[in-house]
Amino acid sequence: MLLANYSGFVLEAGLDEAGRGCLAGPVFAAAVILPPDFSPRFLNDSKQLSTKRREALRPEICDEAVAWAVGQASEAEISSLNIAQASYLAMHRAVAALAIWPEYLLVDGNRFRPLPGYEHTCVIGGDGLYRHIAAASVLAKTFRDEYMTALAAEFPEYGWEQNAGYPTAQHRDAIRMHGPTPHHRMGFRLL
């Protein structure tokens with residue numbers, strides 16, 4: 001069951017990322033501040049939801065949230081910083097893009113690079129426990145999947161519209177046959 005806010009602050013933003021384990025594309029993160037009464041029926045960790053449910057929840061979250069924003073870190077930033085630091089950068093960008101400044105940050109996972117001016121708490125499995133982290137999970141995943149589907153039109157051999165850049169057998173076979181693209185994370189083990 002998804003709970004209310006962690007800290008008791010009304011303007012608490014949930015943060016989550018998508019795409020850490022991918023071989024291609026940026027890492028995306030979302031920050032979401034929800035009203036206290038927001039409780040859609042199927043809201044959960046995006047990994048526990050079907051594509052259809054995630055896509056149905058996205059407009060509901062965007063329409064009903066007090067504030068939401070999505071940030072990303074590029075493949076070049078992932079290569080120069082490492083994936084963990086790039087994920088934090090994407091989260092910082094999402095928070096900075098919020099129309100309303102949150103009073104507190106609740107971050108999915110066990111680590112976060114502190115953002116000056118904000119208190120935060122990390123929660124392992126938070127996307128399955130807190131509505132605003134679950135909402136951030138859904139937005140990060142759907143916006144990233146949409147981005148990778150658009151890239152797939154330019155690079156159809158890699159199947160990104162289906163695998164979103166994750167290391168599937170099909171994706172690795174395509175890298176073997178066609179080589180990496182400018183969107184591949186060259187610091188990752190591609191094969």
# chains A, B, ... in the order shown; residues from 1 in each chain; ligands from 1
call {"tool": "closest_atom_pairs", "arguments": {"of": "stretch 49-155 of chain A", "to": "stretch 160-182 of chain A", "cutoff": "6 Å", "atoms": "only C-alpha atoms", "output": "Markdown table"}}
result
| residue | atom | partner | partner_atom | distance |
| --- | --- | --- | --- | --- |
| A:Asp145 | CA | A:Ala164 | CA | 5.8 |
| A:Met148 | CA | A:Ala164 | CA | 5.5 |
| A:Thr149 | CA | A:Glu161 | CA | 4.2 |
| A:Ala152 | CA | A:Trp160 | CA | 5.2 |
call {"tool": "write_last_selection", "arguments": {"atoms": "C-alpha atoms", "output": "mmCIF file, in the first residue's frame"}}
result
data_model
loop_
_atom_site.group_PDB
_atom_site.id
_atom_site.type_symbol
_atom_site.label_atom_id
_atom_site.label_comp_id
_atom_site.auth_asym_id
_atom_site.auth_seq_id
_atom_site.Cartn_x
_atom_site.Cartn_y
_atom_site.Cartn_z
ATOM 1 C CA ASP A 145 10.663 5.431 -23.080
ATOM 2 C CA MET A 148 14.049 6.216 -26.821
ATOM 3 C CA THR A 149 11.117 5.437 -29.143
ATOM 4 C CA ALA A 152 14.495 4.328 -32.604
#
call {"tool": "residues_around", "arguments": {"residues": "stretch 137-144 of chain A", "least_positions_apart": "3", "cutoff": "9 Å", "atoms": "only C-alpha atoms", "output": "compact mmCIF listing (two decimals) with all heavy atoms, in the first residue's frame"}}
result
# COMPACT_ATOMS: atom_id res chain seq x y z
N GLY A 14 8.83 13.77 -4.37
CA GLY A 14 9.37 12.44 -4.58
C GLY A 14 10.28 12.46 -5.79
O GLY A 14 9.96 13.11 -6.79
N LEU A 15 11.41 11.76 -5.71
CA LEU A 15 12.37 11.71 -6.82
C LEU A 15 12.67 10.26 -7.17
O LEU A 15 12.85 9.42 -6.29
CB LEU A 15 13.69 12.38 -6.42
CG LEU A 15 13.79 13.89 -6.55
CD1 LEU A 15 12.96 14.58 -5.50
CD2 LEU A 15 15.24 14.31 -6.44
N ASP A 16 12.75 10.00 -8.46
CA ASP A 16 13.19 8.69 -8.95
C ASP A 16 13.79 8.87 -10.33
O ASP A 16 13.59 9.89 -10.99
CB ASP A 16 12.02 7.70 -8.99
CG ASP A 16 12.49 6.24 -8.97
OD1 ASP A 16 13.71 5.99 -8.89
OD2 ASP A 16 11.64 5.34 -9.06
N GLU A 17 14.54 7.86 -10.75
CA GLU A 17 15.20 7.90 -12.06
C GLU A 17 14.81 6.69 -12.88
O GLU A 17 14.26 5.72 -12.36
CB GLU A 17 16.71 8.00 -11.89
CG GLU A 17 17.36 6.93 -11.02
CD GLU A 17 17.39 5.53 -11.61
OE1 GLU A 17 17.45 5.38 -12.84
OE2 GLU A 17 17.35 4.56 -10.83
N ALA A 18 15.12 6.76 -14.17
CA ALA A 18 14.91 5.63 -15.08
C ALA A 18 16.07 5.58 -16.06
O ALA A 18 16.52 6.62 -16.54
CB ALA A 18 13.58 5.77 -15.83
N GLY A 19 16.53 4.38 -16.33
CA GLY A 19 17.54 4.18 -17.35
C GLY A 19 18.97 4.02 -16.85
O GLY A 19 19.91 4.07 -17.64
N GLY A 25 21.33 5.90 -24.51
CA GLY A 25 20.40 6.96 -24.12
C GLY A 25 20.74 7.60 -22.80
O GLY A 25 21.53 7.08 -22.01
N PRO A 26 20.14 8.77 -22.54
CA PRO A 26 20.35 9.47 -21.28
C PRO A 26 19.67 8.77 -20.12
O PRO A 26 18.83 7.89 -20.32
CB PRO A 26 19.70 10.84 -21.52
CG PRO A 26 19.02 10.79 -22.82
CD PRO A 26 19.24 9.47 -23.45
N VAL A 27 20.03 9.17 -18.91
CA VAL A 27 19.29 8.76 -17.72
C VAL A 27 18.30 9.89 -17.44
O VAL A 27 18.64 11.07 -17.58
CB VAL A 27 20.24 8.48 -16.53
CG1 VAL A 27 21.02 9.70 -16.09
CG2 VAL A 27 19.48 7.89 -15.37
N PHE A 28 17.08 9.52 -17.13
CA PHE A 28 16.02 10.49 -16.84
C PHE A 28 15.68 10.43 -15.36
O PHE A 28 15.80 9.37 -14.73
CB PHE A 28 14.75 10.16 -17.63
CG PHE A 28 14.70 10.72 -19.02
CD1 PHE A 28 15.64 10.38 -19.97
CD2 PHE A 28 13.69 11.59 -19.39
CE1 PHE A 28 15.59 10.89 -21.26
CE2 PHE A 28 13.62 12.12 -20.67
CZ PHE A 28 14.58 11.76 -21.61
N ALA A 29 15.22 11.53 -14.82
CA ALA A 29 14.72 11.57 -13.44
C ALA A 29 13.51 12.49 -13.40
O ALA A 29 13.36 13.38 -14.23
CB ALA A 29 15.79 12.09 -12.50
N ALA A 30 12.64 12.24 -12.44
CA ALA A 30 11.47 13.09 -12.25
C ALA A 30 11.35 13.48 -10.79
O ALA A 30 11.77 12.73 -9.89
CB ALA A 30 10.19 12.37 -12.70
N ALA A 31 10.80 14.66 -10.57
CA ALA A 31 10.47 15.15 -9.24
C ALA A 31 8.99 15.49 -9.26
O ALA A 31 8.51 16.15 -10.19
CB ALA A 31 11.29 16.40 -8.91
N VAL A 32 8.25 15.01 -8.26
CA VAL A 32 6.80 15.19 -8.24
C VAL A 32 6.34 15.58 -6.84
O VAL A 32 6.70 14.94 -5.85
CB VAL A 32 6.06 13.89 -8.66
CG1 VAL A 32 4.55 14.09 -8.62
CG2 VAL A 32 6.50 13.44 -10.05
N LEU A 43 -1.46 3.24 -9.01
CA LEU A 43 -0.15 3.87 -8.84
C LEU A 43 0.77 2.97 -8.03
O LEU A 43 0.43 2.50 -6.95
CB LEU A 43 -0.30 5.23 -8.14
CG LEU A 43 1.00 6.03 -7.98
CD1 LEU A 43 1.62 6.35 -9.33
CD2 LEU A 43 0.73 7.30 -7.20
N ASN A 44 1.97 2.72 -8.59
CA ASN A 44 2.95 1.85 -7.96
C ASN A 44 4.29 2.11 -8.64
O ASN A 44 4.38 2.87 -9.60
CB ASN A 44 2.54 0.38 -8.11
CG ASN A 44 3.25 -0.54 -7.13
OD1 ASN A 44 4.16 -0.15 -6.42
ND2 ASN A 44 2.83 -1.80 -7.10
N ASP A 45 5.33 1.46 -8.16
CA ASP A 45 6.63 1.46 -8.81
C ASP A 45 6.42 1.15 -10.29
O ASP A 45 5.74 0.17 -10.64
CB ASP A 45 7.49 0.39 -8.12
CG ASP A 45 8.77 0.05 -8.84
OD1 ASP A 45 9.13 0.73 -9.81
OD2 ASP A 45 9.42 -0.91 -8.40
N SER A 46 6.99 1.97 -11.18
CA SER A 46 6.75 1.80 -12.62
C SER A 46 7.15 0.43 -13.12
O SER A 46 6.58 -0.08 -14.08
CB SER A 46 7.48 2.89 -13.41
OG SER A 46 8.88 2.74 -13.31
N LYS A 47 8.14 -0.20 -12.47
CA LYS A 47 8.57 -1.54 -12.90
C LYS A 47 7.51 -2.60 -12.62
O LYS A 47 7.54 -3.67 -13.19
CB LYS A 47 9.89 -1.92 -12.22
CG LYS A 47 11.07 -1.04 -12.62
CD LYS A 47 12.36 -1.42 -11.95
CE LYS A 47 12.43 -1.15 -10.48
NZ LYS A 47 12.23 0.22 -10.04
N LEU A 49 4.29 -2.03 -13.17
CA LEU A 49 3.13 -1.68 -13.99
C LEU A 49 3.36 -2.04 -15.45
O LEU A 49 4.49 -1.97 -15.94
CB LEU A 49 2.85 -0.17 -13.90
CG LEU A 49 2.56 0.40 -12.51
CD1 LEU A 49 2.53 1.91 -12.57
CD2 LEU A 49 1.25 -0.15 -11.98
N THR A 51 3.05 -1.31 -19.49
CA THR A 51 3.21 -0.09 -20.30
C THR A 51 1.89 0.65 -20.39
O THR A 51 1.84 1.87 -20.24
CB THR A 51 3.73 -0.45 -21.71
OG1 THR A 51 4.98 -1.13 -21.57
CG2 THR A 51 3.89 0.77 -22.57
N ARG A 54 1.18 2.47 -17.10
CA ARG A 54 2.07 3.63 -16.96
C ARG A 54 1.60 4.78 -17.84
O ARG A 54 1.54 5.93 -17.40
CB ARG A 54 3.52 3.27 -17.32
CG ARG A 54 4.24 2.47 -16.28
CD ARG A 54 5.74 2.39 -16.57
NE ARG A 54 6.07 1.80 -17.83
CZ ARG A 54 6.37 0.51 -18.01
NH1 ARG A 54 6.36 -0.32 -16.99
NH2 ARG A 54 6.68 0.05 -19.20
N GLU A 55 1.26 4.45 -19.08
CA GLU A 55 0.82 5.49 -20.02
C GLU A 55 -0.51 6.11 -19.60
O GLU A 55 -0.75 7.29 -19.83
CB GLU A 55 0.72 4.92 -21.44
CG GLU A 55 2.07 4.60 -22.06
CD GLU A 55 2.98 5.80 -22.23
OE1 GLU A 55 2.48 6.93 -22.39
OE2 GLU A 55 4.22 5.61 -22.19
N LEU A 57 -1.46 6.42 -16.41
CA LEU A 57 -1.20 7.21 -15.21
C LEU A 57 -0.48 8.53 -15.50
O LEU A 57 -0.69 9.51 -14.79
CB LEU A 57 -0.34 6.39 -14.22
CG LEU A 57 -1.08 5.36 -13.39
CD1 LEU A 57 -0.10 4.39 -12.74
CD2 LEU A 57 -1.94 6.05 -12.34
N ARG A 58 0.34 8.56 -16.53
CA ARG A 58 1.13 9.77 -16.81
C ARG A 58 0.30 11.04 -16.91
O ARG A 58 0.59 12.01 -16.21
CB ARG A 58 1.98 9.55 -18.05
CG ARG A 58 2.80 10.77 -18.44
CD ARG A 58 3.75 10.43 -19.54
NE ARG A 58 4.00 11.55 -20.42
CZ ARG A 58 4.86 11.52 -21.41
NH1 ARG A 58 5.55 10.42 -21.66
NH2 ARG A 58 5.06 12.57 -22.16
N ILE A 61 -1.13 12.00 -13.48
CA ILE A 61 -0.12 12.57 -12.59
C ILE A 61 0.19 14.01 -13.01
O ILE A 61 0.21 14.93 -12.18
CB ILE A 61 1.17 11.72 -12.61
CG1 ILE A 61 0.91 10.35 -11.98
CG2 ILE A 61 2.31 12.44 -11.89
CD1 ILE A 61 1.99 9.31 -12.26
N CYS A 62 0.41 14.22 -14.30
CA CYS A 62 0.74 15.56 -14.79
C CYS A 62 -0.38 16.56 -14.54
O CYS A 62 -0.12 17.72 -14.21
CB CYS A 62 1.10 15.50 -16.27
SG CYS A 62 2.64 14.62 -16.62
N TRP A 68 5.42 19.11 -11.08
CA TRP A 68 6.23 17.99 -11.55
C TRP A 68 7.24 18.50 -12.57
O TRP A 68 7.01 19.52 -13.22
CB TRP A 68 5.39 16.86 -12.15
CG TRP A 68 4.66 17.24 -13.41
CD1 TRP A 68 3.42 17.81 -13.51
CD2 TRP A 68 5.15 17.12 -14.76
NE1 TRP A 68 3.11 18.04 -14.82
CE2 TRP A 68 4.14 17.63 -15.61
CE3 TRP A 68 6.32 16.64 -15.32
CZ2 TRP A 68 4.28 17.67 -16.99
CZ3 TRP A 68 6.48 16.67 -16.70
CH2 TRP A 68 5.45 17.18 -17.52
N ALA A 69 8.35 17.80 -12.70
CA ALA A 69 9.36 18.14 -13.70
C ALA A 69 10.21 16.90 -13.98
O ALA A 69 10.33 16.02 -13.14
CB ALA A 69 10.24 19.28 -13.22
N VAL A 70 10.77 16.90 -15.17
CA VAL A 70 11.64 15.80 -15.59
C VAL A 70 12.99 16.40 -15.97
O VAL A 70 13.05 17.46 -16.61
CB VAL A 70 11.03 15.04 -16.79
CG1 VAL A 70 11.98 13.99 -17.32
CG2 VAL A 70 9.70 14.41 -16.39
N GLY A 71 14.07 15.74 -15.55
CA GLY A 71 15.42 16.15 -15.93
C GLY A 71 16.15 14.97 -16.52
O GLY A 71 15.71 13.82 -16.39
N GLN A 72 17.24 15.24 -17.18
CA GLN A 72 18.04 14.16 -17.74
C GLN A 72 19.51 14.51 -17.71
O GLN A 72 19.88 15.67 -17.56
CB GLN A 72 17.58 13.82 -19.16
CG GLN A 72 17.71 14.96 -20.15
CD GLN A 72 17.29 14.53 -21.55
OE1 GLN A 72 18.01 13.76 -22.19
NE2 GLN A 72 16.17 15.01 -22.01
N ASP A 108 14.11 7.84 -4.03
CA ASP A 108 14.14 6.39 -4.13
C ASP A 108 15.58 5.92 -4.19
O ASP A 108 16.39 6.47 -4.92
CB ASP A 108 13.40 5.93 -5.39
CG ASP A 108 13.34 4.41 -5.46
OD1 ASP A 108 12.82 3.79 -4.51
OD2 ASP A 108 13.83 3.84 -6.46
N ASP A 127 9.76 3.68 -4.26
CA ASP A 127 8.77 3.79 -5.34
C ASP A 127 7.61 2.82 -5.15
O ASP A 127 6.57 2.96 -5.79
CB ASP A 127 9.42 3.60 -6.71
CG ASP A 127 10.36 2.41 -6.80
OD1 ASP A 127 10.45 1.63 -5.83
OD2 ASP A 127 11.00 2.25 -7.84
N HIS A 132 4.32 9.83 -4.09
CA HIS A 132 5.03 10.82 -4.89
C HIS A 132 6.31 10.24 -5.51
O HIS A 132 6.70 10.65 -6.60
CB HIS A 132 5.28 12.12 -4.12
CG HIS A 132 5.81 11.95 -2.74
ND1 HIS A 132 5.36 11.01 -1.85
CD2 HIS A 132 6.76 12.63 -2.08
CE1 HIS A 132 6.01 11.12 -0.72
NE2 HIS A 132 6.87 12.09 -0.83
N ILE A 133 6.94 9.26 -4.85
CA ILE A 133 8.08 8.59 -5.50
C ILE A 133 7.57 7.69 -6.62
O ILE A 133 8.16 7.63 -7.70
CB ILE A 133 8.92 7.78 -4.50
CG1 ILE A 133 9.53 8.69 -3.43
CG2 ILE A 133 10.03 7.04 -5.22
CD1 ILE A 133 10.35 7.94 -2.38
N ALA A 134 6.46 6.99 -6.38
CA ALA A 134 5.87 6.15 -7.43
C ALA A 134 5.50 6.99 -8.65
O ALA A 134 5.74 6.60 -9.79
CB ALA A 134 4.66 5.40 -6.90
N TYR A 147 11.33 9.11 -25.31
CA TYR A 147 12.57 9.61 -25.91
C TYR A 147 13.26 8.51 -26.72
O TYR A 147 13.70 8.73 -27.85
CB TYR A 147 13.49 10.14 -24.81
CG TYR A 147 14.80 10.69 -25.29
CD1 TYR A 147 14.94 12.04 -25.58
CD2 TYR A 147 15.92 9.86 -25.44
CE1 TYR A 147 16.16 12.56 -26.00
CE2 TYR A 147 17.13 10.37 -25.87
CZ TYR A 147 17.24 11.72 -26.15
OH TYR A 147 18.46 12.22 -26.58
N MET A 148 13.37 7.31 -26.14
CA MET A 148 14.05 6.22 -26.82
C MET A 148 13.26 5.74 -28.04
O MET A 148 13.85 5.33 -29.04
CB MET A 148 14.32 5.06 -25.85
CG MET A 148 15.32 5.40 -24.75
SD MET A 148 16.93 6.02 -25.33
CE MET A 148 17.59 4.56 -26.13
N THR A 149 11.94 5.79 -27.98
CA THR A 149 11.12 5.44 -29.14
C THR A 149 11.37 6.42 -30.28
O THR A 149 11.46 6.03 -31.45
CB THR A 149 9.63 5.39 -28.76
OG1 THR A 149 9.45 4.35 -27.78
CG2 THR A 149 8.74 5.11 -29.96
N ALA A 164 14.11 0.02 -25.02
CA ALA A 164 14.45 1.30 -24.39
C ALA A 164 15.94 1.46 -24.10
O ALA A 164 16.33 2.24 -23.25
CB ALA A 164 13.62 1.52 -23.13
call {"tool": "residues_around", "arguments": {"residues": "A:Leu106", "least_positions_apart": "5", "cutoff": "9 Å", "atoms": "only C-alpha atoms", "output": "PyMOL selection string"}}
result
chain A and resi 5-7+12-16+119-123+126+130+132-133
call {"tool": "select_by_dssp", "arguments": {"residues": "stretch 76-156 of chain A", "states": "helix (DSSP H, G or I)", "output": "number ranges by chain"}}
result
A: 76-81, 83-97, 126-128, 131-154, 156
call {"tool": "closest_residue", "arguments": {"among": "A:Phe155, A:His183, A:Cys22, A:Leu191", "to": "A:Ser74", "atoms": "only C-alpha atoms"}}
result
A:His183
call {"tool": "closest_residue", "arguments": {"among": "A:Pro102, A:Pro36, A:Pro114, A:Gly187", "to": "A:Ser80", "atoms": "only C-alpha atoms"}}
result
A:Gly187
call {"tool": "closest_residue", "arguments": {"among": "A:Ala153, A:Leu129, A:Ala135, A:Met186", "to": "A:Glu60", "atoms": "only C-alpha atoms"}}
result
A:Ala135
call {"tool": "atom_distance", "arguments": {"atom1": "atom CA of A:Val107", "atom2": "atom CA of A:Asn82"}}
result
18.8 Å
call {"tool": "closest_residue", "arguments": {"among": "A:Arg20, A:Lys52, A:Arg185, A:Arg41", "to": "A:Gln85", "atoms": "only C-alpha atoms"}}
result
A:Arg20
call {"tool": "closest_residue", "arguments": {"among": "A:Arg93, A:Arg53, A:His184, A:Arg189", "to": "A:Leu115", "atoms": "only C-alpha atoms"}}
result
A:Arg93
call {"tool": "closest_residue", "arguments": {"among": "A:Leu151, A:Ala97, A:Asp63, A:His92", "to": "A:Pro116", "atoms": "only C-alpha atoms"}}
result
A:His92
call {"tool": "atom_distance", "arguments": {"atom1": "atom CA of A:Glu154", "atom2": "atom CA of A:Ala76"}}
result
19.0 Å
